[in-house]
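Structure data (CSV, C-alpha atoms and all ligand atoms) from input-v2.csv:
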chain,number,residue,atom,x,y,z
R,1,MET,CA,-7.8,3.5,-17.5
R,2,ARG,CA,-7.5,6.7,-15.7
R,3,GLY,CA,-9.4,10.0,-16.0
R,4,LEU,CA,-12.9,8.5,-15.7
R,5,VAL,CA,-15.1,8.8,-12.7
R,6,GLY,CA,-14.8,5.7,-10.6
R,7,SER,CA,-11.5,4.7,-12.2
R,8,HIS,CA,-9.3,6.5,-9.7
R,9,GLN,CA,-8.2,4.3,-6.7
R,10,ILE,CA,-7.4,6.4,-3.6
R,11,ALA,CA,-5.7,5.0,-0.5
R,12,VAL,CA,-6.4,6.7,2.8
R,13,ILE,CA,-4.1,5.9,5.7
R,14,GLY,CA,-5.9,6.2,9.0
R,15,ALA,CA,-9.6,5.7,10.0
R,16,GLY,CA,-9.8,8.6,12.5
R,17,MET,CA,-12.3,11.4,11.9
R,18,ALA,CA,-10.0,13.1,9.3
R,19,GLY,CA,-9.5,9.9,7.2
R,20,LEU,CA,-13.2,8.9,7.4
R,21,THR,CA,-14.4,12.3,6.4
R,22,ALA,CA,-12.0,12.5,3.4
R,23,ALA,CA,-13.0,9.0,2.3
R,24,ARG,CA,-16.7,9.7,2.6
R,25,ASP,CA,-16.4,12.9,0.5
R,26,LEU,CA,-14.3,11.2,-2.1
R,27,GLN,CA,-16.6,8.2,-2.4
R,28,ALA,CA,-19.6,10.5,-2.7
R,29,ALA,CA,-17.8,12.1,-5.7
R,30,GLY,CA,-17.5,8.7,-7.4
R,31,LEU,CA,-13.9,7.8,-6.5
R,32,ASP,CA,-12.8,4.3,-5.3
R,33,VAL,CA,-11.4,4.6,-1.8
R,34,VAL,CA,-9.7,2.1,0.4
R,35,ILE,CA,-8.9,3.0,4.0
R,36,PHE,CA,-5.9,1.3,5.7
R,37,GLU,CA,-6.2,1.4,9.5
R,38,LYS,CA,-3.6,-0.1,11.9
R,39,SER,CA,-6.0,-0.7,14.8
R,40,ARG,CA,-8.8,-3.3,15.1
R,41,GLY,CA,-11.5,-0.6,14.7
R,42,VAL,CA,-12.2,2.8,13.4
R,43,GLY,CA,-12.2,6.1,15.2
R,44,GLY,CA,-8.6,6.8,16.2
R,45,ARG,CA,-8.5,9.1,19.2
R,46,MET,CA,-12.3,9.3,19.2
R,47,SER,CA,-12.3,6.0,20.9
R,48,THR,CA,-14.1,3.8,23.3
R,49,ARG,CA,-12.3,1.4,25.6
R,50,ARG,CA,-14.4,-1.7,26.3
R,51,MET,CA,-13.8,-3.9,29.4
R,52,ASP,CA,-16.3,-6.7,29.6
R,53,ALA,CA,-19.7,-5.0,29.7
R,54,LEU,CA,-18.2,-1.6,30.5
R,55,ALA,CA,-17.3,1.1,28.0
R,56,PHE,CA,-15.2,4.2,28.6
R,57,ASP,CA,-14.7,7.2,26.3
R,58,HIS,CA,-11.0,7.4,27.1
R,59,GLY,CA,-10.0,9.8,24.2
R,60,ALA,CA,-12.1,12.7,23.0
R,61,GLN,CA,-14.7,13.6,25.6
R,62,TYR,CA,-17.1,15.6,23.5
R,63,MET,CA,-17.3,17.7,20.4
R,64,THR,CA,-18.1,21.3,19.8
R,65,VAL,CA,-19.4,22.6,16.5
R,66,ARG,CA,-18.3,25.9,15.1
R,67,GLY,CA,-18.5,25.6,11.3
R,68,ALA,CA,-21.2,24.8,8.8
R,69,TYR,CA,-19.7,21.7,7.4
R,70,PHE,CA,-19.5,19.7,10.7
R,71,ALA,CA,-22.9,21.1,11.7
R,72,GLU,CA,-24.5,19.8,8.5
R,73,LEU,CA,-22.6,16.5,8.8
R,74,LEU,CA,-23.9,15.8,12.3
R,75,LYS,CA,-27.5,16.6,11.2
R,76,SER,CA,-27.4,14.1,8.3
R,77,SER,CA,-29.8,11.3,8.7
R,78,ALA,CA,-27.0,8.7,8.6
R,79,LEU,CA,-25.4,10.1,11.7
R,80,ALA,CA,-28.4,11.5,13.6
R,81,ASP,CA,-28.7,8.5,15.9
R,82,ALA,CA,-25.0,8.4,16.7
R,83,VAL,CA,-24.9,11.9,18.3
R,84,ALA,CA,-26.6,13.6,21.2
R,85,PRO,CA,-26.1,16.9,23.1
R,86,TRP,CA,-24.5,16.6,26.5
R,87,GLY,CA,-23.6,18.8,29.4
R,88,PRO,CA,-24.8,22.2,30.6
R,89,LYS,CA,-27.6,23.7,28.5
R,90,ASP,CA,-26.3,25.9,25.7
R,91,ALA,CA,-22.7,24.6,26.2
R,92,GLY,CA,-22.9,23.4,22.6
R,93,ARG,CA,-21.3,20.0,23.5
R,94,PHE,CA,-22.1,16.8,21.6
R,95,VAL,CA,-21.2,13.2,22.3
R,96,GLY,CA,-21.3,10.1,20.3
R,97,THR,CA,-24.1,7.8,21.5
R,98,PRO,CA,-24.1,5.1,23.0
R,99,SER,CA,-20.3,5.8,23.0
R,100,MET,CA,-17.9,8.3,21.4
R,101,ASN,CA,-16.9,5.7,18.9
R,102,ALA,CA,-20.4,5.4,17.6
R,103,LEU,CA,-19.9,8.5,15.4
R,104,PRO,CA,-16.8,7.3,13.5
R,105,ARG,CA,-18.5,3.9,13.2
R,106,ALA,CA,-21.5,5.5,11.6
R,107,LEU,CA,-19.2,7.6,9.3
R,108,ALA,CA,-17.5,4.4,8.2
R,109,ALA,CA,-20.7,2.7,7.1
R,110,GLY,CA,-20.5,1.9,3.4
R,111,LEU,CA,-16.7,2.7,3.2
R,112,THR,CA,-14.1,0.0,2.5
R,113,VAL,CA,-11.9,-0.1,5.7
R,114,GLN,CA,-9.1,-2.6,6.0
R,115,THR,CA,-8.3,-2.8,9.7
R,116,GLU,CA,-5.1,-4.2,11.2
R,117,ARG,CA,-3.1,-2.9,8.3
R,118,THR,CA,-0.2,-0.8,9.3
R,119,VAL,CA,1.3,1.1,6.4
R,120,LYS,CA,5.1,1.2,6.7
R,121,ALA,CA,6.1,2.9,3.4
R,122,LEU,CA,4.8,4.3,0.1
R,123,GLU,CA,6.4,2.9,-3.0
R,124,ARG,CA,6.3,4.9,-6.2
R,125,VAL,CA,5.4,2.7,-9.3
R,126,GLY,CA,5.2,4.8,-12.5
R,127,ASP,CA,2.8,7.6,-11.7
R,128,GLY,CA,1.0,5.6,-9.0
R,129,TRP,CA,1.6,4.3,-5.5
R,130,ARG,CA,1.8,0.9,-3.8
R,131,LEU,CA,1.6,0.5,0.0
R,132,ASP,CA,4.1,-1.6,2.0
R,133,CYS,CA,2.3,-2.8,5.1
R,134,ALA,CA,3.6,-4.5,8.2
R,135,GLU,CA,1.3,-7.4,7.3
R,136,GLY,CA,2.6,-7.6,3.7
R,137,ARG,CA,2.7,-5.6,0.5
R,138,ASP,CA,-0.6,-4.5,-1.0
R,139,GLU,CA,-0.6,-5.2,-4.7
R,140,ARG,CA,-3.1,-2.6,-5.8
R,141,LEU,CA,-1.8,0.5,-7.6
R,142,PHE,CA,-3.3,3.7,-6.2
R,143,ASP,CA,-3.6,7.0,-8.1
R,144,ALA,CA,-3.3,9.0,-4.9
R,145,VAL,CA,-2.4,8.4,-1.2
R,146,LEU,CA,-3.9,10.5,1.6
R,147,LEU,CA,-2.1,10.4,5.0
R,148,THR,CA,-4.3,11.1,8.0
R,149,ALA,CA,-2.2,9.5,10.8
R,150,PRO,CA,-0.9,11.8,13.6
R,151,ALA,CA,1.9,14.1,12.4
R,152,ALA,CA,4.9,12.0,13.5
R,153,GLN,CA,3.5,8.9,11.7
R,154,THR,CA,2.6,11.0,8.6
R,155,LEU,CA,6.1,12.4,8.5
R,156,ALA,CA,7.5,8.9,8.6
R,157,LEU,CA,5.4,8.0,5.5
R,158,LEU,CA,5.9,11.1,3.4
R,159,PRO,CA,8.4,10.7,0.6
R,160,ALA,CA,11.8,12.2,1.4
R,161,ASP,CA,11.6,14.6,-1.6
R,162,SER,CA,8.0,15.7,-0.7
R,163,GLU,CA,7.6,19.5,-0.3
R,164,LEU,CA,4.8,18.7,2.2
R,165,ARG,CA,7.2,17.7,4.9
R,166,GLY,CA,8.1,21.2,6.2
R,167,PRO,CA,4.7,22.1,7.8
R,168,VAL,CA,4.4,18.6,9.4
R,169,GLU,CA,7.8,18.9,11.0
R,170,HIS,CA,6.6,21.9,13.1
R,171,VAL,CA,3.6,20.1,14.7
R,172,ARG,CA,3.7,19.4,18.5
R,173,TYR,CA,1.3,17.5,20.6
R,174,ALA,CA,0.7,17.3,24.4
R,175,PRO,CA,0.7,13.8,25.9
R,176,CYS,CA,-2.1,12.8,28.3
R,177,TRP,CA,-2.3,10.2,31.0
R,178,THR,CA,-5.8,8.9,31.3
R,179,VAL,CA,-7.3,6.9,34.1
R,180,MET,CA,-10.6,4.9,33.9
R,181,LEU,CA,-12.4,4.1,37.1
R,182,SER,CA,-15.6,2.1,37.8
R,183,PHE,CA,-17.4,2.1,41.2
R,184,ASP,CA,-20.2,-0.1,42.6
R,185,THR,CA,-21.0,2.8,45.0
R,186,ALA,CA,-22.5,5.8,43.3
R,187,SER,CA,-21.0,9.2,44.2
R,188,SER,CA,-23.1,12.1,45.5
R,189,ALA,CA,-25.5,13.5,42.9
R,190,ALA,CA,-24.2,17.0,43.9
R,191,ILE,CA,-20.8,16.2,42.2
R,192,PRO,CA,-21.0,17.7,38.7
R,193,ASP,CA,-20.8,15.3,35.8
R,194,SER,CA,-17.7,17.0,34.5
R,195,GLN,CA,-15.0,19.1,36.1
R,196,ARG,CA,-11.9,21.1,35.1
R,197,PRO,CA,-10.0,21.7,38.3
R,198,LEU,CA,-8.0,25.0,38.2
R,199,SER,CA,-5.0,23.4,39.9
R,200,GLY,CA,-3.5,20.0,40.6
R,201,PRO,CA,-2.7,17.1,38.3
R,202,ILE,CA,-6.2,16.6,36.8
R,203,ALA,CA,-7.2,18.6,33.7
R,204,TRP,CA,-10.6,17.0,33.3
R,205,ALA,CA,-12.8,14.4,35.1
R,206,ALA,CA,-16.1,13.2,33.7
R,207,ARG,CA,-18.8,10.8,34.9
R,208,ASN,CA,-18.8,8.7,31.8
R,209,SER,CA,-21.9,6.7,32.8
R,210,ARG,CA,-24.1,9.8,32.9
R,211,LYS,CA,-23.5,10.7,29.2
R,212,PRO,CA,-26.6,10.0,27.0
R,213,GLY,CA,-27.2,6.4,26.0
R,214,ARG,CA,-24.8,4.9,28.6
R,215,ASP,CA,-25.7,2.6,31.4
R,216,SER,CA,-25.8,4.7,34.5
R,217,SER,CA,-24.7,1.8,36.7
R,218,PRO,CA,-22.0,1.0,37.6
R,219,GLU,CA,-20.7,4.5,37.8
R,220,ASN,CA,-17.7,5.1,35.5
R,221,TRP,CA,-15.3,8.0,35.5
R,222,VAL,CA,-12.7,9.1,33.0
R,223,ILE,CA,-9.9,11.3,34.3
R,224,HIS,CA,-7.4,13.2,32.1
R,225,ALA,CA,-4.2,14.5,33.6
R,226,THR,CA,-2.8,17.9,32.6
R,227,ALA,CA,-0.2,18.0,29.9
R,228,GLU,CA,2.3,19.4,32.4
R,229,TRP,CA,1.7,16.6,34.9
R,230,THR,CA,1.8,13.9,32.2
R,231,ARG,CA,5.1,15.2,30.9
R,232,ALA,CA,6.6,15.0,34.4
R,233,HIS,CA,5.2,11.5,34.9
R,234,LEU,CA,5.5,10.2,31.3
R,235,GLN,CA,7.7,7.2,32.2
R,236,ASP,CA,6.0,6.4,35.6
R,237,PRO,CA,4.4,2.9,35.7
R,238,ALA,CA,0.7,2.8,35.2
R,239,PRO,CA,-0.2,1.6,38.8
R,240,GLN,CA,1.7,4.7,40.2
R,241,VAL,CA,-0.1,7.0,37.9
R,242,ILE,CA,-3.5,5.5,38.8
R,243,ALA,CA,-2.8,5.9,42.5
R,244,ASP,CA,-1.7,9.5,42.1
R,245,LEU,CA,-4.7,10.5,39.9
R,246,LEU,CA,-7.2,8.5,42.1
R,247,ALA,CA,-5.9,10.5,45.1
R,248,ALA,CA,-6.4,13.8,43.3
R,249,PHE,CA,-9.9,12.6,42.1
R,250,ARG,CA,-10.9,11.9,45.7
R,251,GLU,CA,-9.7,15.4,46.7
R,252,ILE,CA,-11.8,17.1,44.1
R,253,THR,CA,-15.0,15.0,44.4
R,254,GLY,CA,-14.9,13.7,47.9
R,255,HIS,CA,-15.8,10.3,46.5
R,256,ILE,CA,-13.7,7.9,48.6
R,257,ALA,CA,-15.2,4.5,47.5
R,258,GLU,CA,-12.8,1.9,46.2
R,259,PRO,CA,-13.0,1.5,42.5
R,260,THR,CA,-13.7,-2.0,41.2
R,261,ILE,CA,-11.9,-1.2,38.0
R,262,ARG,CA,-8.9,1.1,37.6
R,263,VAL,CA,-7.0,1.2,34.3
R,264,GLY,CA,-4.5,3.7,33.0
R,265,HIS,CA,-3.8,4.6,29.4
R,266,ARG,CA,-0.9,6.9,28.2
R,267,TRP,CA,-1.6,8.9,25.0
R,268,LEU,CA,1.6,10.1,23.6
R,269,TYR,CA,-0.1,12.3,21.0
R,270,ALA,CA,-3.3,13.6,22.6
R,271,LEU,CA,-4.0,17.2,21.9
R,272,VAL,CA,-2.3,19.4,19.2
R,273,GLU,CA,-0.2,22.2,20.9
R,274,GLN,CA,1.3,23.6,17.7
R,275,SER,CA,-0.5,23.0,14.4
R,276,ALA,CA,0.8,23.0,10.9
R,277,GLY,CA,-1.2,26.2,10.3
R,278,VAL,CA,-2.8,25.0,7.0
R,279,ASP,CA,-6.1,23.2,6.8
R,280,HIS,CA,-4.6,20.4,4.7
R,281,LEU,CA,-1.6,19.5,2.5
R,282,TRP,CA,-1.8,18.3,-1.1
R,283,SER,CA,0.7,17.8,-3.9
R,284,PRO,CA,-1.1,17.5,-7.2
R,285,ALA,CA,2.2,16.5,-8.9
R,286,MET,CA,2.9,13.6,-6.5
R,287,ARG,CA,-0.8,12.9,-5.7
R,288,VAL,CA,0.0,12.7,-2.1
R,289,GLY,CA,-1.9,14.6,0.6
R,290,ALA,CA,-2.2,14.8,4.3
R,291,ALA,CA,-4.9,15.9,6.8
R,292,GLY,CA,-5.6,15.6,10.5
R,293,ASP,CA,-6.4,17.6,13.6
R,294,TRP,CA,-2.7,18.6,13.6
R,295,CYS,CA,-3.3,20.8,10.5
R,296,ILE,CA,-5.7,23.1,12.4
R,297,GLY,CA,-6.0,22.4,16.1
R,298,PRO,CA,-6.8,20.0,19.0
R,299,ARG,CA,-10.5,19.3,18.2
R,300,VAL,CA,-12.6,16.6,16.5
R,301,GLU,CA,-14.0,19.3,14.3
R,302,ALA,CA,-10.6,20.3,13.2
R,303,ALA,CA,-9.9,16.7,12.0
R,304,VAL,CA,-13.2,16.7,10.1
R,305,GLU,CA,-12.6,20.0,8.5
R,306,SER,CA,-9.1,19.1,7.5
R,307,GLY,CA,-10.3,15.8,5.9
R,308,HIS,CA,-13.0,17.6,4.1
R,309,ALA,CA,-10.6,20.3,2.7
R,310,LEU,CA,-8.2,17.6,1.5
R,311,ALA,CA,-11.0,15.7,-0.3
R,312,LEU,CA,-12.0,19.0,-2.1
R,313,SER,CA,-8.4,19.4,-3.4
R,314,VAL,CA,-8.2,15.8,-4.5
R,315,ILE,CA,-11.5,16.1,-6.3
R,316,LYS,CA,-10.3,19.3,-8.0
R,317,THR,CA,-7.2,17.5,-9.3
R,318,LEU,CA,-8.7,14.2,-10.3
R,319,LEU,CA,-12.1,15.2,-11.4
R,320,PRO,CA,-11.5,18.8,-12.7
R,321,LYS,CA,-14.9,19.1,-14.4
R,322,GLY,CA,-16.8,17.4,-11.6
A,1,LIG,C1,-7.2,12.2,25.8
A,1,LIG,C2,-7.8,13.0,24.7
A,1,LIG,C3,-8.9,13.9,24.9
A,1,LIG,C4,-9.4,14.6,23.9
A,1,LIG,N1,-10.5,15.4,24.1
A,1,LIG,C5,-11.2,16.0,23.1
A,1,LIG,C6,-12.4,16.7,23.3
A,1,LIG,O1,-12.9,16.7,24.4
A,1,LIG,N2,-12.9,17.4,22.3
A,1,LIG,C7,-12.4,17.4,21.0
A,1,LIG,O2,-12.9,18.0,20.1
A,1,LIG,N3,-11.2,16.7,20.8
A,1,LIG,C8,-10.6,16.0,21.8
A,1,LIG,N4,-9.5,15.3,21.6
A,1,LIG,C9,-8.9,15.4,20.2
A,1,LIG,C10,-9.6,14.5,19.2
A,1,LIG,O3,-9.7,13.2,19.7
A,1,LIG,C11,-8.7,14.5,17.9
A,1,LIG,O4,-8.6,15.9,17.5
A,1,LIG,C12,-9.3,13.8,16.7
A,1,LIG,O5,-10.0,12.6,17.1
A,1,LIG,C13,-8.2,13.5,15.8
A,1,LIG,O6,-8.7,12.8,14.6
A,1,LIG,P1,-7.7,12.5,13.4
A,1,LIG,O7,-8.4,11.7,12.4
A,1,LIG,O8,-6.9,13.7,13.0
A,1,LIG,O9,-6.5,11.6,14.1
A,1,LIG,P2,-6.6,10.2,14.8
A,1,LIG,O10,-7.9,10.1,15.6
A,1,LIG,O11,-5.4,10.0,15.6
A,1,LIG,O12,-6.7,9.1,13.7
A,1,LIG,C14,-5.5,8.6,13.0
A,1,LIG,C15,-5.6,7.2,12.7
A,1,LIG,O13,-4.5,6.8,11.9
A,1,LIG,C16,-4.2,5.4,12.3
A,1,LIG,N5,-2.8,5.2,11.9
A,1,LIG,C17,-1.7,5.8,12.4
A,1,LIG,N6,-0.6,5.3,11.8
A,1,LIG,C18,-1.0,4.4,10.9
A,1,LIG,C19,-0.3,3.6,9.9
A,1,LIG,N7,1.0,3.7,9.8
A,1,LIG,N8,-1.1,2.8,9.1
A,1,LIG,C20,-2.4,2.7,9.3
A,1,LIG,N9,-3.1,3.5,10.2
A,1,LIG,C21,-2.4,4.3,10.9
A,1,LIG,C22,-4.4,5.4,13.8
A,1,LIG,O14,-4.6,4.1,14.3
A,1,LIG,C23,-5.7,6.3,13.9
A,1,LIG,O15,-6.9,5.5,13.8
A,1,LIG,C24,-8.9,14.5,22.6
A,1,LIG,C25,-7.9,13.6,22.3
A,1,LIG,C26,-7.4,12.8,23.3
A,1,LIG,C27,-6.3,11.8,23.0
Would you write the structure of this file as structure tokens?
Ligand SMILES: Cc1cc2nc3c(=O)[nH]c(=O)nc-3n(C[C@H](O)[C@H](O)[C@H](O)COP(=O)(O)OP(=O)(O)OC[C@H]3O[C@@H](n4cnc5c(N)ncnc54)[C@H](O)[C@@H]3O)c2cc1C
Amino acid sequence: MRGLVGSHQIAVIGAGMAGLTAARDLQAAGLDVVIFEKSRGVGGRMSTRRMDALAFDHGAQYMTVRGAYFAELLKSSALADAVAPWGPKDAGRFVGTPSMNALPRALAAGLTVQTERTVKALERVGDGWRLDCAEGRDERLFDAVLLTAPAAQTLALLPADSELRGPVEHVRYAPCWTVMLSFDTASSAAIPDSQRPLSGPIAWAARNSRKPGRDSSPENWVIHATAEWTRAHLQDPAPQVIADLLAAFREITGHIAEPTIRVGHRWLYALVEQSAGVDHLWSPAMRVGAAGDWCIGPRVEAAVESGHALALSVIKTLLPKG
């Protein structure tokens, strides 16, 4: 029976920061929420790449906090241990601890997350929705479906007659080649923990092992190439990209030791270059919505605010007196 608190089943596609925030708010309002996530774990681009005992934050590097909602969320007791300030004093940067992925993992506590479930299509059944997944059809009937995958994947799932498609079609992302390096020999302490060179192929280099809560040895670095360089080298093989970015890294740091680990990762959708220009999308008639950093801009906080804004709209529709 619909219309009672707790009787609405909501499907959230994607367990990145937007999906987790929306799910958390909806569950707190008394709705039943199931998250479908195609990867093995939660966090999306706020991710940590593990290699044996090593861990690299190879997606988002840090978070900044501008608005009240994210500030309050980070201060909540459930998340306090998963976040720490990092970087120059007063820079206002925060990182997940002991890894970036710790924050989404803490956010996911108490939520129902079905991992390794790739949603392929939404199927309308009466006034509800069923999900067709790569791993098989899910038999539950959902009252609402919230899409929080990157814009291209969200567009692929939005019904052909949905009025929400327009703003999503305009979204553009920059790609990013990332290289992870581990050294047995520590670099000079005079080299700053993070750098943004003004020229050359590197946009950002950070000594990952000096972030709070990480093992300081061996010394690990994460390098992000600029969007321009990545576009020019998008189809290059990873070993070539690693060699090019290692050479540029040596130039800016003077650290010439041979890395014991060198791994490349190509993000096709890294940072939002052109957003949808709305903080979320919601169709009360279809009961389909969408959220993600792509609604607002290229930041973790944008994903959180978008997920929160979507949850408020859903609550207003499904629990109008709540
Ligand atoms: C290299 C890089 C560096 C960055 N640096 C910073 C930074 O320093 N500071 C900052 O604030 N931000 C940074 N960002 C951006 C930040 O990571 C994102 O803005 C934020 O994490 C996006 O969250 P999201 O929930 O909108 O999307 P995502 O994190 O992309 O989450 C979407 C989720 O949907 C899942 N999914 C996709 N399709 C399907 C499907 N069909 N079925 C089921 N699940 C699906 C994905 O697996 C993913 O888990 C960086 C990003 C990258 C890649």
Spatial neighbours of Ala109 in chain R, max dist 10 Å, all atoms listed in the file, sep filter under 5 positions, as a PDB file with C-alpha atoms, in the frame of the given file:
ATOM      1  CA  LEU R  20     -13.200   8.900   7.400  1.00  0.00           C
ATOM      2  CA  ARG R  24     -16.700   9.700   2.600  1.00  0.00           C
ATOM      3  CA  ALA R  78     -27.000   8.700   8.600  1.00  0.00           C
ATOM      4  CA  LEU R  79     -25.400  10.100  11.700  1.00  0.00           C
ATOM      5  CA  PRO R 104     -16.800   7.300  13.500  1.00  0.00           C
TER       6      PRO R 104
END
Å distance separating CA of Asp215 in chain R from CA of Gly41 in chain R, one decimal place
22.2 Å
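For the choices R:Leu158, R:Met286, R:Ala108, R:Ala102, the atom-to-atom distance to Leu122 in chain R is smallest for R:Leu158 when using all atoms listed in the file.
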Let me see if you get this right: every residue at most 6 Å from ligand LIG 1 (chain A), counting only C-alpha atoms and all ligand atoms, written as an NGL selection string.
:R and (13-19 or 36-39 or 42-46 or 59-63 or 117-120 or 148-150 or 153 or 176 or 267 or 270-271 or 292-293 or 298-300 or 303)
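With CA of Ser194 in chain R on one side and CA of Ala82 in chain R on the other, the separation reads 21.1 Å.
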Counting all atoms listed in the file, which residue out of R:Arg124, R:Arg207, R:Arg137, R:Arg262 sits closest to Ser188 in chain R?
R:Arg207
What lies within 10 Å of Val125 in chain R using all atoms listed in the file, ignoring chain neighbours under 3 positions off, as a compact mmCIF listing (two decimals) with C-alpha atoms, keeping the file's coordinate frame?
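Just written: selection_11.txt:
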# COMPACT_ATOMS: atom_id res chain seq x y z
CA LEU R 122 4.80 4.30 0.10
CA GLY R 128 1.00 5.60 -9.00
CA TRP R 129 1.60 4.30 -5.50
CA ARG R 130 1.80 0.90 -3.80
CA LEU R 141 -1.80 0.50 -7.60
CA PHE R 142 -3.30 3.70 -6.20
What is the distance between CA of Asp32 in chain R and CA of Gly166 in chain R, in Å to one decimal?
29.2 Å
Which residues come within 6 Å of Arg287 in chain R, counting only C-alpha atoms, excluding same-chain residues fewer than 3 positions away, as an MDAnalysis selection string?
chainID R and resid 144 283:284
With all atoms listed in the file as the atoms that count, which of R:Gly200, R:His170, R:Leu54, R:Gln9 lies nearest to Gln274 in chain R?
R:His170
Find the residues with any atom within 9 Å of (-6.9, 8.3, 28.4); use only C-alpha atoms and the coordinates as given in the file, and write the answer as a PyMOL selection string.
chain R and resi 57-60+176-180+222-225+264-267+270
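Distances to Asn101 in chain R were evaluated for R:His8, R:Glu116, R:Ser47, R:Leu74 using all atoms listed in the file, and the minimum falls at R:Ser47.
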Would you kindly return, as a VMD selection string, each protein, DNA or RNA residue with an atom no farther than 12 Å from any atom of Ala71 in chain R, considering all atoms listed in the file and excluding same-chain residues fewer than 3 positions away?
chain R and resid 63 to 68 74 to 76 79 to 80 83 92 to 94 301 304 to 305
Starting from the sparse input, extend range 94-113 of chain R to N, CA and C atoms and give the output as a PDB file, in the coordinates of the input.
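rebuild.pdb was written with the following content:
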ATOM      1  N   PHE R  94     -21.490  18.026  22.161  1.00  0.00           N
ATOM      2  CA  PHE R  94     -22.100  16.800  21.600  1.00  0.00           C
ATOM      3  C   PHE R  94     -21.268  15.629  21.905  1.00  0.00           C
ATOM      4  N   VAL R  95     -21.909  14.477  22.129  1.00  0.00           N
ATOM      5  CA  VAL R  95     -21.200  13.200  22.300  1.00  0.00           C
ATOM      6  C   VAL R  95     -21.685  12.180  21.348  1.00  0.00           C
ATOM      7  N   GLY R  96     -20.856  11.207  21.042  1.00  0.00           N
ATOM      8  CA  GLY R  96     -21.300  10.100  20.300  1.00  0.00           C
ATOM      9  C   GLY R  96     -22.205   9.237  21.237  1.00  0.00           C
ATOM     10  N   THR R  97     -23.188   8.566  20.689  1.00  0.00           N
ATOM     11  CA  THR R  97     -24.100   7.800  21.500  1.00  0.00           C
ATOM     12  C   THR R  97     -24.388   6.426  20.860  1.00  0.00           C
ATOM     13  N   PRO R  98     -24.289   5.303  21.573  1.00  0.00           N
ATOM     14  CA  PRO R  98     -24.100   5.100  23.000  1.00  0.00           C
ATOM     15  C   PRO R  98     -22.609   5.233  23.457  1.00  0.00           C
ATOM     16  N   SER R  99     -21.685   5.600  22.570  1.00  0.00           N
ATOM     17  CA  SER R  99     -20.300   5.800  23.000  1.00  0.00           C
ATOM     18  C   SER R  99     -19.678   6.768  21.962  1.00  0.00           C
ATOM     19  N   MET R 100     -18.551   7.392  22.308  1.00  0.00           N
ATOM     20  CA  MET R 100     -17.900   8.300  21.400  1.00  0.00           C
ATOM     21  C   MET R 100     -17.640   7.660  20.035  1.00  0.00           C
ATOM     22  N   ASN R 101     -17.272   6.406  20.122  1.00  0.00           N
ATOM     23  CA  ASN R 101     -16.900   5.700  18.900  1.00  0.00           C
ATOM     24  C   ASN R 101     -18.034   5.420  17.958  1.00  0.00           C
ATOM     25  N   ALA R 102     -19.281   5.664  18.435  1.00  0.00           N
ATOM     26  CA  ALA R 102     -20.400   5.400  17.600  1.00  0.00           C
ATOM     27  C   ALA R 102     -20.418   6.345  16.343  1.00  0.00           C
ATOM     28  N   LEU R 103     -19.897   7.559  16.522  1.00  0.00           N
ATOM     29  CA  LEU R 103     -19.900   8.500  15.400  1.00  0.00           C
ATOM     30  C   LEU R 103     -18.950   8.040  14.283  1.00  0.00           C
ATOM     31  N   PRO R 104     -17.668   7.766  14.591  1.00  0.00           N
ATOM     32  CA  PRO R 104     -16.800   7.300  13.500  1.00  0.00           C
ATOM     33  C   PRO R 104     -17.354   5.958  12.899  1.00  0.00           C
ATOM     34  N   ARG R 105     -17.973   5.133  13.726  1.00  0.00           N
ATOM     35  CA  ARG R 105     -18.500   3.900  13.200  1.00  0.00           C
ATOM     36  C   ARG R 105     -19.630   4.169  12.162  1.00  0.00           C
ATOM     37  N   ALA R 106     -20.464   5.148  12.492  1.00  0.00           N
ATOM     38  CA  ALA R 106     -21.500   5.500  11.600  1.00  0.00           C
ATOM     39  C   ALA R 106     -20.949   6.145  10.289  1.00  0.00           C
ATOM     40  N   LEU R 107     -19.897   6.945  10.471  1.00  0.00           N
ATOM     41  CA  LEU R 107     -19.200   7.600   9.300  1.00  0.00           C
ATOM     42  C   LEU R 107     -18.647   6.509   8.376  1.00  0.00           C
ATOM     43  N   ALA R 108     -18.178   5.427   8.977  1.00  0.00           N
ATOM     44  CA  ALA R 108     -17.500   4.400   8.200  1.00  0.00           C
ATOM     45  C   ALA R 108     -18.451   3.473   7.443  1.00  0.00           C
ATOM     46  N   ALA R 109     -19.747   3.566   7.750  1.00  0.00           N
ATOM     47  CA  ALA R 109     -20.700   2.700   7.100  1.00  0.00           C
ATOM     48  C   ALA R 109     -20.651   2.892   5.578  1.00  0.00           C
ATOM     49  N   GLY R 110     -20.502   1.840   4.834  1.00  0.00           N
ATOM     50  CA  GLY R 110     -20.500   1.900   3.400  1.00  0.00           C
ATOM     51  C   GLY R 110     -19.077   2.224   2.807  1.00  0.00           C
ATOM     52  N   LEU R 111     -18.095   2.453   3.681  1.00  0.00           N
ATOM     53  CA  LEU R 111     -16.700   2.700   3.200  1.00  0.00           C
ATOM     54  C   LEU R 111     -15.943   1.344   3.284  1.00  0.00           C
ATOM     55  N   THR R 112     -14.911   1.217   2.463  1.00  0.00           N
ATOM     56  CA  THR R 112     -14.100   0.000   2.500  1.00  0.00           C
ATOM     57  C   THR R 112     -12.916   0.332   3.493  1.00  0.00           C
ATOM     58  N   VAL R 113     -12.954  -0.321   4.645  1.00  0.00           N
ATOM     59  CA  VAL R 113     -11.900  -0.100   5.700  1.00  0.00           C
ATOM     60  C   VAL R 113     -11.178  -1.396   5.907  1.00  0.00           C
TER      61      VAL R 113
END
